[in-house]
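**Q** One file is attached below, input.cif, containing mmCIF, C-alpha atoms and all ligand atoms.
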data_final
#
loop_
_atom_site.label_atom_id
_atom_site.label_comp_id
_atom_site.auth_asym_id
_atom_site.auth_seq_id
_atom_site.Cartn_x
_atom_site.Cartn_y
_atom_site.Cartn_z
CA MET A 1 7.75 -24.11 -5.31
CA VAL A 2 5.01 -22.46 -7.31
CA LEU A 3 6.14 -20.76 -10.47
CA GLU A 4 3.75 -17.88 -10.32
CA THR A 5 3.93 -16.93 -13.96
CA SER A 6 3.19 -18.51 -17.12
CA ARG A 7 5.48 -18.91 -20.04
CA ARG A 8 7.83 -21.66 -19.09
CA VAL A 9 10.89 -21.70 -21.28
CA ASP A 10 13.41 -24.48 -21.79
CA ASP A 11 17.18 -24.68 -21.45
CA SER A 12 17.89 -24.44 -25.18
CA ALA A 13 15.97 -21.15 -25.42
CA ILE A 14 17.96 -19.84 -22.47
CA SER A 15 21.33 -20.88 -23.98
CA GLU A 16 20.40 -19.16 -27.22
CA LEU A 17 19.62 -15.96 -25.33
CA LEU A 18 22.92 -16.06 -23.49
CA ARG A 19 25.15 -16.06 -26.60
CA ALA A 20 27.06 -12.82 -26.11
CA ASP A 21 28.03 -12.54 -29.79
CA SER A 22 24.59 -12.63 -31.37
CA LEU A 23 21.51 -10.48 -30.89
CA GLY A 24 19.46 -12.40 -33.46
CA LYS A 25 15.94 -11.10 -33.94
CA ARG A 26 16.12 -9.13 -30.74
CA LEU A 27 17.26 -5.99 -32.59
CA VAL A 28 13.61 -5.27 -33.24
CA HIS A 29 12.78 -5.57 -29.53
CA PHE A 30 15.27 -2.84 -28.72
CA LYS A 31 13.71 -0.53 -31.32
CA VAL A 32 10.29 -1.11 -29.80
CA GLY A 33 11.80 -0.43 -26.38
CA THR A 34 12.97 3.00 -27.49
CA VAL A 35 9.46 3.95 -28.65
CA VAL A 36 7.94 2.65 -25.41
CA LEU A 37 10.35 4.53 -23.13
CA LYS A 38 10.01 7.77 -25.05
CA ALA A 39 6.21 7.59 -25.06
CA MET A 40 6.01 6.94 -21.30
CA VAL A 41 8.54 9.62 -20.35
CA ASP A 42 6.87 12.18 -22.67
CA GLU A 43 3.49 11.55 -21.05
CA LEU A 44 4.87 11.84 -17.53
CA ILE A 45 6.64 15.11 -18.31
CA GLU A 46 3.47 16.43 -19.92
CA MET A 47 1.58 15.58 -16.72
CA GLY A 48 4.06 17.68 -14.75
CA PHE A 49 6.28 14.97 -13.26
CA GLU A 50 9.91 15.76 -12.42
CA TRP A 51 12.55 13.27 -13.59
CA PHE A 52 15.20 12.02 -11.15
CA LEU A 53 18.13 9.73 -11.85
CA PRO A 54 18.58 6.64 -9.69
CA VAL A 55 20.91 5.72 -6.85
CA MET A 56 22.32 2.20 -6.85
CA LEU A 57 24.32 1.80 -3.64
CA SER A 58 22.83 2.78 -0.32
CA ARG A 59 22.93 1.92 3.37
CA THR A 60 19.27 1.09 3.08
CA THR A 61 17.07 -0.41 0.40
CA ASP A 62 13.74 -2.18 -0.02
CA PRO A 63 13.78 -5.21 2.33
CA LEU A 64 11.51 -7.16 -0.11
CA TRP A 65 10.25 -8.87 2.99
CA PRO A 66 7.79 -10.24 3.93
CA ASP A 67 6.51 -10.74 0.41
CA PRO A 68 5.10 -14.14 -0.47
CA GLY A 69 6.02 -13.45 -4.10
CA ALA A 70 9.67 -12.69 -3.37
CA SER A 71 12.36 -15.29 -3.91
CA ILE A 72 15.63 -13.61 -3.18
CA GLU A 73 18.54 -16.04 -2.94
CA LYS A 74 21.06 -13.52 -1.72
CA ARG A 75 21.27 -9.85 -0.76
CA ILE A 76 24.35 -8.01 -1.97
CA GLU A 77 26.28 -5.98 0.55
CA LEU A 78 29.66 -4.37 0.10
CA GLU A 79 31.88 -1.95 1.88
CA ILE A 80 32.75 1.51 0.60
CA TYR A 81 34.51 4.24 2.58
CA GLY A 82 34.20 2.13 5.69
CA GLU A 83 30.41 1.87 5.38
CA ARG A 84 28.37 -1.19 4.53
CA VAL A 85 26.07 -0.53 1.58
CA ARG A 86 23.56 -2.62 -0.35
CA THR A 87 22.70 -2.74 -4.01
CA MET A 88 19.28 -1.32 -4.77
CA GLN A 89 16.35 -3.74 -4.59
CA SER A 90 13.94 -0.87 -5.11
CA MET A 91 14.06 2.86 -4.39
CA ILE A 92 10.92 2.80 -2.24
CA VAL A 93 12.64 4.26 0.86
CA HIS A 94 14.29 6.97 -1.23
CA LYS A 95 11.01 7.78 -2.99
CA ARG A 96 9.21 8.18 0.34
CA VAL A 97 11.89 10.50 1.69
CA LEU A 98 12.10 12.57 -1.51
CA VAL A 99 8.35 13.01 -1.87
CA SER A 100 8.23 14.23 1.73
CA LEU A 101 11.02 16.77 1.29
CA GLY A 102 9.55 18.72 -1.62
CA PRO A 103 9.27 17.20 -5.10
CA GLU A 104 5.66 16.09 -4.92
CA LYS A 105 5.32 14.32 -8.26
CA PHE A 106 8.25 12.56 -9.85
CA PHE A 107 9.52 9.50 -11.68
CA ILE A 108 12.80 7.58 -11.78
CA LEU A 109 14.12 4.95 -14.20
CA SER A 110 15.60 2.84 -11.46
CA PRO A 111 17.77 -0.27 -11.97
CA ASN A 112 17.23 -2.99 -9.37
CA ILE A 113 19.37 -5.96 -8.51
CA ARG A 114 17.42 -8.92 -7.14
CA ILE A 115 19.25 -12.21 -7.01
CA GLU A 116 16.25 -14.42 -7.72
CA LYS A 117 16.42 -18.16 -7.12
CA ARG A 118 17.84 -19.90 -10.18
CA GLU A 119 14.70 -21.95 -10.92
CA ARG A 120 12.99 -18.69 -11.77
CA ALA A 121 14.88 -18.71 -15.09
CA TYR A 122 12.12 -20.95 -16.39
CA THR A 123 9.19 -18.68 -15.53
CA GLY A 124 10.31 -16.48 -18.42
CA TRP A 125 9.30 -13.54 -16.24
CA HIS A 126 12.24 -12.96 -13.84
CA LEU A 127 15.60 -11.25 -14.17
CA TYR A 128 18.33 -10.58 -11.64
CA GLU A 129 18.87 -7.05 -12.98
CA PHE A 130 15.97 -5.05 -14.33
CA THR A 131 14.67 -1.49 -14.38
CA GLN A 132 11.55 -0.06 -12.81
CA LEU A 133 9.75 3.04 -13.94
CA GLU A 134 9.11 4.33 -10.43
CA VAL A 135 6.47 6.99 -9.77
CA GLU A 136 5.56 8.68 -6.48
CA MET A 137 2.96 11.38 -5.81
CA ALA A 138 2.35 13.24 -2.55
CA TYR A 139 -1.18 12.95 -1.12
CA ALA A 140 -2.29 10.71 -3.99
CA LYS A 141 -4.68 7.77 -3.65
CA MET A 142 -4.51 4.48 -5.47
CA HIS A 143 -6.90 5.57 -8.20
CA ASP A 144 -4.64 8.50 -9.04
CA VAL A 145 -1.79 6.06 -9.59
CA PHE A 146 -4.02 3.78 -11.69
CA ARG A 147 -4.85 6.67 -14.00
CA VAL A 148 -1.19 7.66 -14.47
CA TYR A 149 -0.02 4.17 -15.45
CA GLU A 150 -3.09 3.51 -17.59
CA ARG A 151 -2.31 6.68 -19.50
CA ILE A 152 1.39 6.05 -20.06
CA MET A 153 0.93 2.39 -20.97
CA SER A 154 -1.86 3.17 -23.42
CA ALA A 155 0.23 5.91 -25.00
CA ALA A 156 3.18 3.55 -25.38
CA ILE A 157 1.11 0.85 -27.06
CA ARG A 158 -0.60 3.37 -29.32
CA LYS A 159 2.80 4.71 -30.44
CA VAL A 160 4.21 1.24 -31.07
CA LYS A 161 1.18 0.36 -33.18
CA GLU A 162 1.45 3.64 -35.11
CA GLU A 163 5.19 3.63 -35.67
CA MET A 164 6.17 -0.02 -35.66
CA GLY A 165 3.34 -1.81 -37.43
CA GLU A 166 5.68 -3.62 -39.82
CA GLU A 167 8.00 -4.74 -37.05
CA LEU A 168 5.07 -6.11 -35.03
CA GLU A 169 3.87 -7.96 -38.07
CA ALA A 170 7.33 -9.45 -38.65
CA LEU A 171 7.29 -10.60 -35.02
CA GLY A 172 3.86 -12.13 -35.55
CA ARG A 173 2.56 -10.02 -32.67
CA ARG A 174 -1.08 -8.95 -32.77
CA LEU A 175 -1.06 -6.21 -30.19
CA ARG A 176 -4.34 -4.76 -29.02
CA GLU A 177 -4.81 -1.17 -27.87
CA LEU A 178 -5.43 -0.88 -24.15
CA ARG A 179 -8.86 0.26 -23.02
CA PRO A 180 -8.57 1.93 -19.63
CA PRO A 181 -9.80 2.19 -16.97
CA PHE A 182 -8.79 -1.37 -16.13
CA GLU A 183 -10.90 -3.53 -13.86
CA VAL A 184 -10.03 -3.49 -10.15
CA VAL A 185 -10.42 -6.76 -8.20
CA SER A 186 -9.42 -7.60 -4.65
CA ARG A 187 -7.09 -10.48 -3.91
CA ARG A 188 -9.74 -11.97 -1.63
CA GLU A 189 -12.17 -12.12 -4.55
CA LEU A 190 -9.52 -13.79 -6.73
CA VAL A 191 -8.84 -16.40 -4.06
CA ARG A 192 -12.58 -17.11 -4.05
CA ARG A 193 -12.65 -17.37 -7.85
CA TYR A 194 -9.43 -19.24 -8.57
CA GLY A 195 -8.13 -20.52 -5.23
CA GLU A 196 -4.72 -19.85 -3.62
CA ASP A 197 -3.13 -20.35 -7.03
CA TRP A 198 -4.84 -17.19 -8.38
CA GLU A 199 -1.59 -15.45 -9.28
CA ARG A 200 -0.60 -18.15 -11.74
CA ARG A 201 -4.07 -18.54 -13.22
CA LEU A 202 -5.15 -14.93 -13.52
CA PRO A 203 -2.95 -13.97 -16.52
CA TYR A 204 -4.65 -16.74 -18.54
CA GLU A 205 -8.18 -15.86 -17.44
CA ILE A 206 -8.25 -12.16 -18.36
CA GLU A 207 -8.57 -10.35 -21.68
CA GLU A 208 -7.49 -6.91 -20.44
CA PRO A 209 -5.05 -5.82 -17.72
CA VAL A 210 -6.49 -6.04 -14.19
CA TRP A 211 -5.55 -4.19 -11.00
CA VAL A 212 -5.39 -6.50 -7.99
CA THR A 213 -5.68 -4.83 -4.57
CA ASP A 214 -5.18 -5.77 -0.91
CA ILE A 215 -2.02 -7.88 -1.00
CA PRO A 216 -0.25 -8.53 2.34
CA ARG A 217 3.41 -7.46 2.01
CA GLU A 218 6.09 -4.94 3.12
CA PHE A 219 5.64 -2.43 5.96
CA TYR A 220 5.69 0.65 3.72
CA ASP A 221 2.36 -0.19 2.04
CA TYR A 222 -0.67 1.20 3.87
CA GLN A 223 -2.66 -1.27 5.93
CA ASP A 224 -5.92 -0.47 7.68
CA PHE A 225 -5.34 -2.00 11.13
CA GLU A 226 -9.08 -2.19 11.83
CA THR A 227 -10.12 -4.17 8.76
CA GLY A 228 -6.71 -5.67 7.98
CA GLU A 229 -7.08 -4.43 4.39
CA TRP A 230 -3.98 -3.30 2.46
CA ARG A 231 -4.31 -0.28 0.19
CA ASN A 232 -1.86 -1.60 -2.35
CA TYR A 233 -2.07 -3.08 -5.83
CA ASP A 234 -0.43 -4.99 -8.66
CA LEU A 235 -1.29 -4.76 -12.34
CA PHE A 236 -1.61 -8.09 -14.14
CA LEU A 237 -1.29 -8.41 -17.92
CA PRO A 238 -3.32 -10.89 -19.98
CA GLU A 239 -2.14 -13.54 -22.48
CA GLY A 240 -0.26 -15.48 -19.83
CA TYR A 241 2.09 -12.62 -18.94
CA GLY A 242 1.31 -11.42 -15.42
CA GLU A 243 2.43 -8.89 -12.88
CA VAL A 244 3.99 -5.79 -14.41
CA ILE A 245 3.36 -3.09 -11.75
CA SER A 246 3.44 -3.07 -7.95
CA GLY A 247 2.55 -0.12 -5.80
CA ALA A 248 0.58 1.28 -2.92
CA GLU A 249 -0.74 4.11 -0.87
CA ARG A 250 1.91 4.45 1.80
CA GLU A 251 2.20 4.14 5.53
CA TYR A 252 3.14 7.50 7.10
CA GLU A 253 2.36 7.29 10.84
CA TYR A 254 5.27 6.67 13.18
CA GLU A 255 3.71 4.23 15.62
CA LYS A 256 2.16 2.11 12.90
CA MET A 257 5.30 2.01 10.83
CA LEU A 258 7.44 1.07 13.81
CA ALA A 259 5.01 -1.67 14.81
CA LYS A 260 5.06 -3.12 11.30
CA ILE A 261 8.85 -3.00 11.01
CA LYS A 262 9.07 -4.94 14.27
CA ARG A 263 6.27 -7.31 13.26
CA ASP A 264 8.24 -8.14 10.10
CA GLY A 265 11.43 -8.83 12.07
CA LEU A 266 13.33 -6.05 10.25
CA ARG A 267 16.11 -3.92 11.74
CA VAL A 268 14.77 -0.60 12.98
CA GLU A 269 18.14 1.07 12.30
CA ASP A 270 17.77 0.37 8.55
CA PHE A 271 14.79 2.70 8.37
CA GLU A 272 15.92 5.52 10.66
CA VAL A 273 15.33 8.36 8.21
CA LEU A 274 11.79 7.23 7.45
CA LEU A 275 11.03 6.80 11.15
CA ARG A 276 12.57 10.15 12.10
CA LEU A 277 10.52 11.98 9.45
CA ALA A 278 7.40 10.11 10.53
CA LYS A 279 7.99 10.96 14.20
CA GLU A 280 8.34 14.64 13.33
CA GLY A 281 5.12 14.48 11.25
CA LYS A 282 7.09 15.23 8.09
CA LEU A 283 6.57 11.95 6.25
CA LYS A 284 3.88 12.88 3.74
CA PRO A 285 1.14 10.48 2.76
CA SER A 286 1.79 9.48 -0.85
CA ALA A 287 1.07 6.79 -3.37
CA GLY A 288 3.13 5.37 -6.16
CA ALA A 289 4.27 2.27 -7.94
CA GLY A 290 6.96 0.79 -10.13
CA LEU A 291 6.50 -0.70 -13.59
CA GLY A 292 8.89 -3.43 -14.73
CA ILE A 293 10.09 -1.90 -17.98
CA GLU A 294 11.52 -5.09 -19.46
CA ARG A 295 8.30 -6.94 -18.66
CA PHE A 296 6.16 -4.31 -20.32
CA ILE A 297 8.31 -4.34 -23.46
CA ALA A 298 8.34 -8.17 -23.41
CA TYR A 299 4.54 -8.12 -23.40
CA ILE A 300 4.43 -5.63 -26.27
CA VAL A 301 6.76 -7.64 -28.50
CA GLY A 302 5.29 -10.97 -27.40
CA ALA A 303 8.57 -12.33 -26.00
CA LYS A 304 8.77 -15.83 -24.54
CA HIS A 305 11.39 -14.73 -22.03
CA VAL A 306 11.68 -11.23 -20.58
CA GLY A 307 15.48 -11.47 -21.09
CA GLU A 308 14.81 -11.17 -24.84
CA VAL A 309 14.42 -7.42 -24.47
CA GLN A 310 17.81 -6.98 -22.77
CA PRO A 311 20.96 -6.85 -24.91
CA PHE A 312 22.77 -8.77 -22.15
CA PRO A 313 20.05 -10.92 -20.56
CA ARG A 314 20.09 -11.16 -16.76
CA ILE A 315 18.52 -14.59 -16.44
CA PRO A 316 18.43 -16.06 -12.91
CA GLY A 317 21.16 -18.66 -12.41
CA HIS A 318 23.15 -17.61 -15.49
CA VAL A 319 26.10 -15.25 -15.49
CA GLY A 320 27.07 -14.58 -19.09
CA GLU A 321 30.35 -13.28 -20.45
CA LEU A 322 29.05 -9.67 -20.54
N1 LIG B 1 8.33 -0.07 -6.74
C1 LIG B 1 7.43 -0.62 -5.75
C2 LIG B 1 6.57 0.49 -5.17
O1 LIG B 1 6.67 1.63 -5.54
C3 LIG B 1 8.17 -1.31 -4.64
C4 LIG B 1 8.92 -2.55 -5.11
O2 LIG B 1 9.48 -2.60 -6.15
N2 LIG B 1 9.02 -3.56 -4.27
O3 LIG B 1 5.72 0.16 -4.33
#
Please, can you express the file's structure as structure tokens?

**A**
Amino acid sequence: MVLETSRRVDDSAISELLRADSLGKRLVHFKVGTVVLKAMVDELIEMGFEWFLPVMLSRTTDPLWPDPGASIEKRIELEIYGERVRTMQSMIVHKRVLVSLGPEKFFILSPNIRIEKRERAYTGWHLYEFTQLEVEMAYAKMHDVFRVYERIMSAAIRKVKEEMGEELEALGRRLRELRPPFEVVSRRELVRRYGEDWERRLPYEIEEPVWVTDIPREFYDYQDFETGEWRNYDLFLPEGYGEVISGAEREYEYEKMLAKIKRDGLRVEDFEVLLRLAKEGKLKPSAGAGLGIERFIAYIVGAKHVGEVQPFPRIPGHVGEL
């Protein structure tokens, strides 16, 4: 299996992280995290976004399929009130419904549970519980989403540099300001440049974050059936880090969506609300994305493992005491 990101960590580093009775030098990471979250939320509110709280149990969630990058060992289902519900893998379905019903510009700090294969502990870049900063905007195009995340990420880094210079120095982290707009490159171009292994190589080849577009994946991302091109994107961070944002312009036409759900071998009944709205012409075109908050903070503090920014690290394959 290809470990698609960088910073391989060893077992002793993982054991150290899992000690429930010691936070070690991670206290500083949490302080940085507070500055980062506040800066991003402040910017979004200033831009007119509404703030929603997440749901965590639902009859439907993101299938995370087919996604060549996904490595889900197990999907969690449980029964409540006689109904079978799943734990949230991402709020994409909920975002699409909400954006169509009225709130046209919003964000959610949304915890996701993804039981990643245990070997992903060593990528240093995967967790089985993490939080996305989800954004969705009605009638937006991918460049609108690029501008929003470029703005909030730049603001967060600026604030950390302004307010936490000493802490960064103590961590030995030389953090550069971001200089948006970031470059946009298609996946096809990256395959030409770096081969099929582009995802693993890219974070070491770039100096600034890069938007990668046109990535074949789940049915809810917009695909042009004539050219085969996907209007979706990931943001990759430099210095060996890697993917920190995934998003897309969205599919909104009934026939197309149904065809893709069937093509992917998914259960039509899991996406009834989306399909009903689409059939009635009420599913609005939108675009959005989710930013992995722990990953972004890990990049800012220069962590070796993304679990270092969690008080109780959710490292694949390891269930700690807390
Ligand atoms: N949050 C992503 C999006 O908005 C979906 C995901 O996490 N799989 O497209």

**Q** Which residues, written as number ranges by chain, have at least one atom at most 9 Å from Lys74 in chain A, with only C-alpha atoms counted and residues fewer than 6 positions away on the same chain left out?

**A** A: 114-117

**Q** Write out as a PyMOL selection string each polymer residue (protein, DNA or RNA) that has an atom no more than 8 Å from ligand LIG 1 (chain B), with only C-alpha atoms and all ligand atoms counted.

**A** chain A and resi 62+64+89-92+95+132-136+221+245-248+287-291

**Q** For a cutoff of 9 Å around the file-coordinate point (7.4, 5.1, 14.5), which residues qualify once you count only C-alpha atoms? I'd like the result as a list in words.

**A**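 Protein, DNA and RNA residues close to (7.4, 5.1, 14.5): Tyr252, Glu253, Tyr254, Glu255, Lys256, Met257, Leu258, Ala259, Ile261, Leu274, Leu275, Arg276, Ala278 and Lys279 of chain A.
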
**Q** CA of Ile215 in chain A and CA of Leu266 in chain A are how many Å apart?

**A** 19.1 Å

**Q** With only C-alpha atoms as the basis for distance, which of A:Ile152, A:Ile113, A:Leu101, A:Leu127 is at the shortest distance from Glu43 in chain A?

**A**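 The shortest atom-to-atom distance to Glu43 in chain A comes from A:Ile152.
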
**Q** Select from range 47-146 of chain A every residue with an atom at most 10 Å from any atom of range 10-29 of chain A, then for each give the shortest pair of atoms and their distance in Å to one decimal, using only C-alpha atoms, rows by chain and rising number, as a Markdown table.

**A**
| residue | atom | partner | partner_atom | distance |
| --- | --- | --- | --- | --- |
| A:Ala121 | CA | A:Ile14 | CA | 8.1 |
| A:Tyr122 | CA | A:Asp10 | CA | 6.6 |
| A:Thr123 | CA | A:Asp10 | CA | 9.5 |
| A:Gly124 | CA | A:Asp10 | CA | 9.2 |

**Q** Excluding Glu162 in chain A and any residue of its chain fewer than 2 positions from it, enumerate the residues within 12 Å of it, using all atoms listed in the file, and give them as a CSV table (one decimal) with C-alpha atoms, keeping the file's coordinate frame.

**A**
chain,number,residue,atom,x,y,z
A,32,VAL,CA,10.3,-1.1,-29.8
A,35,VAL,CA,9.5,4.0,-28.6
A,36,VAL,CA,7.9,2.6,-25.4
A,39,ALA,CA,6.2,7.6,-25.1
A,155,ALA,CA,0.2,5.9,-25.0
A,156,ALA,CA,3.2,3.6,-25.4
A,157,ILE,CA,1.1,0.8,-27.1
A,158,ARG,CA,-0.6,3.4,-29.3
A,159,LYS,CA,2.8,4.7,-30.4
A,160,VAL,CA,4.2,1.2,-31.1
A,164,MET,CA,6.2,0.0,-35.7
A,165,GLY,CA,3.3,-1.8,-37.4
A,166,GLU,CA,5.7,-3.6,-39.8
A,167,GLU,CA,8.0,-4.7,-37.0
A,168,LEU,CA,5.1,-6.1,-35.0
A,175,LEU,CA,-1.1,-6.2,-30.2
A,176,ARG,CA,-4.3,-4.8,-29.0
A,177,GLU,CA,-4.8,-1.2,-27.9

**Q** Using Å and a single decimal, report how far CA of Phe106 in chain A sits from CA of Glu280 in chain A.

**A**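 Separation of CA of Glu280 in chain A and CA of Phe106 in chain A: 23.3 Å.
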
**Q** List every protein, DNA or RNA residue with an atom no more than 10 Å from (3.9, -7.9, 0.5) in the file's coordinates, counting all atoms listed in the file, and format the result as a PDB file with C-alpha atoms, in the coordinates of the input.

**A**
ATOM      1  CA  LEU A  64      11.510  -7.160  -0.110  1.00  0.00           C
ATOM      2  CA  TRP A  65      10.250  -8.870   2.990  1.00  0.00           C
ATOM      3  CA  PRO A  66       7.790 -10.240   3.930  1.00  0.00           C
ATOM      4  CA  ASP A  67       6.510 -10.740   0.410  1.00  0.00           C
ATOM      5  CA  PRO A  68       5.100 -14.140  -0.470  1.00  0.00           C
ATOM      6  CA  GLY A  69       6.020 -13.450  -4.100  1.00  0.00           C
ATOM      7  CA  ALA A  70       9.670 -12.690  -3.370  1.00  0.00           C
ATOM      8  CA  ASP A 214      -5.180  -5.770  -0.910  1.00  0.00           C
ATOM      9  CA  ILE A 215      -2.020  -7.880  -1.000  1.00  0.00           C
ATOM     10  CA  PRO A 216      -0.250  -8.530   2.340  1.00  0.00           C
ATOM     11  CA  ARG A 217       3.410  -7.460   2.010  1.00  0.00           C
ATOM     12  CA  GLU A 218       6.090  -4.940   3.120  1.00  0.00           C
ATOM     13  CA  PHE A 219       5.640  -2.430   5.960  1.00  0.00           C
ATOM     14  CA  TYR A 220       5.690   0.650   3.720  1.00  0.00           C
ATOM     15  CA  ASP A 221       2.360  -0.190   2.040  1.00  0.00           C
ATOM     16  CA  TRP A 230      -3.980  -3.300   2.460  1.00  0.00           C
ATOM     17  CA  ASN A 232      -1.860  -1.600  -2.350  1.00  0.00           C
ATOM     18  CA  TYR A 233      -2.070  -3.080  -5.830  1.00  0.00           C
ATOM     19  CA  SER A 246       3.440  -3.070  -7.950  1.00  0.00           C
TER      20      SER A 246
END

**Q** Hey, could you pull the box centre and edge lengths for range 259-271 of chain A, axis-aligned, 3 Å padding per side, all listed atoms, to one decimal in Å, as AutoDock Vina command-line options?

**A**
--center_x 11.6 --center_y -3.1 --center_z 11.6 --size_x 19.1 --size_y 17.5 --size_z 12.4

**Q** Give me, please, the distance in Å between CA of Glu243 in chain A and CA of Val210 in chain A, quoted to one decimal.

**A**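 These atoms are spaced 9.5 Å apart.
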
**Q** Near Pro103 in chain A, within 10 Å and counting all atoms listed in the file, which residues show up once chain neighbours fewer than 2 positions away are dropped, as a PyMOL selection string?

**A** chain A and resi 49-52+95+97-101+105-106+136-138

**Q** Would you mind completing range 35-41 of chain A so that it carries all heavy atoms, and writing it out as a PDB file, in the coordinates of the input?

**A**
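Listing of result-v4.pdb after writing:
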ATOM      1  N   VAL A  35      10.760   3.275 -28.460  1.00  0.00           N
ATOM      2  CA  VAL A  35       9.460   3.950 -28.650  1.00  0.00           C
ATOM      3  C   VAL A  35       8.667   3.926 -27.341  1.00  0.00           C
ATOM      4  O   VAL A  35       8.059   4.933 -26.947  1.00  0.00           O
ATOM      5  CB  VAL A  35       8.659   3.254 -29.791  1.00  0.00           C
ATOM      6  CG1 VAL A  35       7.262   3.837 -29.915  1.00  0.00           C
ATOM      7  CG2 VAL A  35       9.410   3.364 -31.115  1.00  0.00           C
ATOM      8  N   VAL A  36       8.699   2.805 -26.654  1.00  0.00           N
ATOM      9  CA  VAL A  36       7.940   2.650 -25.410  1.00  0.00           C
ATOM     10  C   VAL A  36       8.463   3.616 -24.337  1.00  0.00           C
ATOM     11  O   VAL A  36       7.692   4.329 -23.687  1.00  0.00           O
ATOM     12  CB  VAL A  36       8.038   1.186 -24.901  1.00  0.00           C
ATOM     13  CG1 VAL A  36       7.484   1.035 -23.489  1.00  0.00           C
ATOM     14  CG2 VAL A  36       7.315   0.252 -25.868  1.00  0.00           C
ATOM     15  N   LEU A  37       9.778   3.652 -24.165  1.00  0.00           N
ATOM     16  CA  LEU A  37      10.350   4.530 -23.130  1.00  0.00           C
ATOM     17  C   LEU A  37      10.062   5.993 -23.433  1.00  0.00           C
ATOM     18  O   LEU A  37       9.662   6.750 -22.548  1.00  0.00           O
ATOM     19  CB  LEU A  37      11.865   4.299 -23.040  1.00  0.00           C
ATOM     20  CG  LEU A  37      12.257   3.061 -22.247  1.00  0.00           C
ATOM     21  CD1 LEU A  37      13.721   2.708 -22.472  1.00  0.00           C
ATOM     22  CD2 LEU A  37      11.996   3.267 -20.755  1.00  0.00           C
ATOM     23  N   LYS A  38      10.249   6.364 -24.690  1.00  0.00           N
ATOM     24  CA  LYS A  38      10.010   7.770 -25.050  1.00  0.00           C
ATOM     25  C   LYS A  38       8.547   8.144 -24.802  1.00  0.00           C
ATOM     26  O   LYS A  38       8.252   9.192 -24.223  1.00  0.00           O
ATOM     27  CB  LYS A  38      10.397   8.031 -26.500  1.00  0.00           C
ATOM     28  CG  LYS A  38      10.088   9.466 -26.919  1.00  0.00           C
ATOM     29  CD  LYS A  38      10.654   9.817 -28.263  1.00  0.00           C
ATOM     30  CE  LYS A  38      10.470  11.282 -28.657  1.00  0.00           C
ATOM     31  NZ  LYS A  38       9.293  11.966 -28.212  1.00  0.00           N
ATOM     32  N   ALA A  39       7.632   7.277 -25.215  1.00  0.00           N
ATOM     33  CA  ALA A  39       6.210   7.590 -25.060  1.00  0.00           C
ATOM     34  C   ALA A  39       5.859   7.755 -23.577  1.00  0.00           C
ATOM     35  O   ALA A  39       5.145   8.700 -23.198  1.00  0.00           O
ATOM     36  CB  ALA A  39       5.358   6.478 -25.678  1.00  0.00           C
ATOM     37  N   MET A  40       6.369   6.878 -22.721  1.00  0.00           N
ATOM     38  CA  MET A  40       6.010   6.940 -21.300  1.00  0.00           C
ATOM     39  C   MET A  40       6.609   8.192 -20.631  1.00  0.00           C
ATOM     40  O   MET A  40       5.926   8.890 -19.880  1.00  0.00           O
ATOM     41  CB  MET A  40       6.441   5.668 -20.575  1.00  0.00           C
ATOM     42  CG  MET A  40       5.660   4.440 -21.048  1.00  0.00           C
ATOM     43  SD  MET A  40       5.744   3.025 -19.934  1.00  0.00           S
ATOM     44  CE  MET A  40       7.468   2.596 -20.024  1.00  0.00           C
ATOM     45  N   VAL A  41       7.876   8.454 -20.942  1.00  0.00           N
ATOM     46  CA  VAL A  41       8.540   9.620 -20.350  1.00  0.00           C
ATOM     47  C   VAL A  41       7.869  10.913 -20.839  1.00  0.00           C
ATOM     48  O   VAL A  41       7.608  11.831 -20.054  1.00  0.00           O
ATOM     49  CB  VAL A  41      10.053   9.570 -20.707  1.00  0.00           C
ATOM     50  CG1 VAL A  41      10.717  10.917 -20.499  1.00  0.00           C
ATOM     51  CG2 VAL A  41      10.748   8.495 -19.880  1.00  0.00           C
TER      52      VAL A  41
END
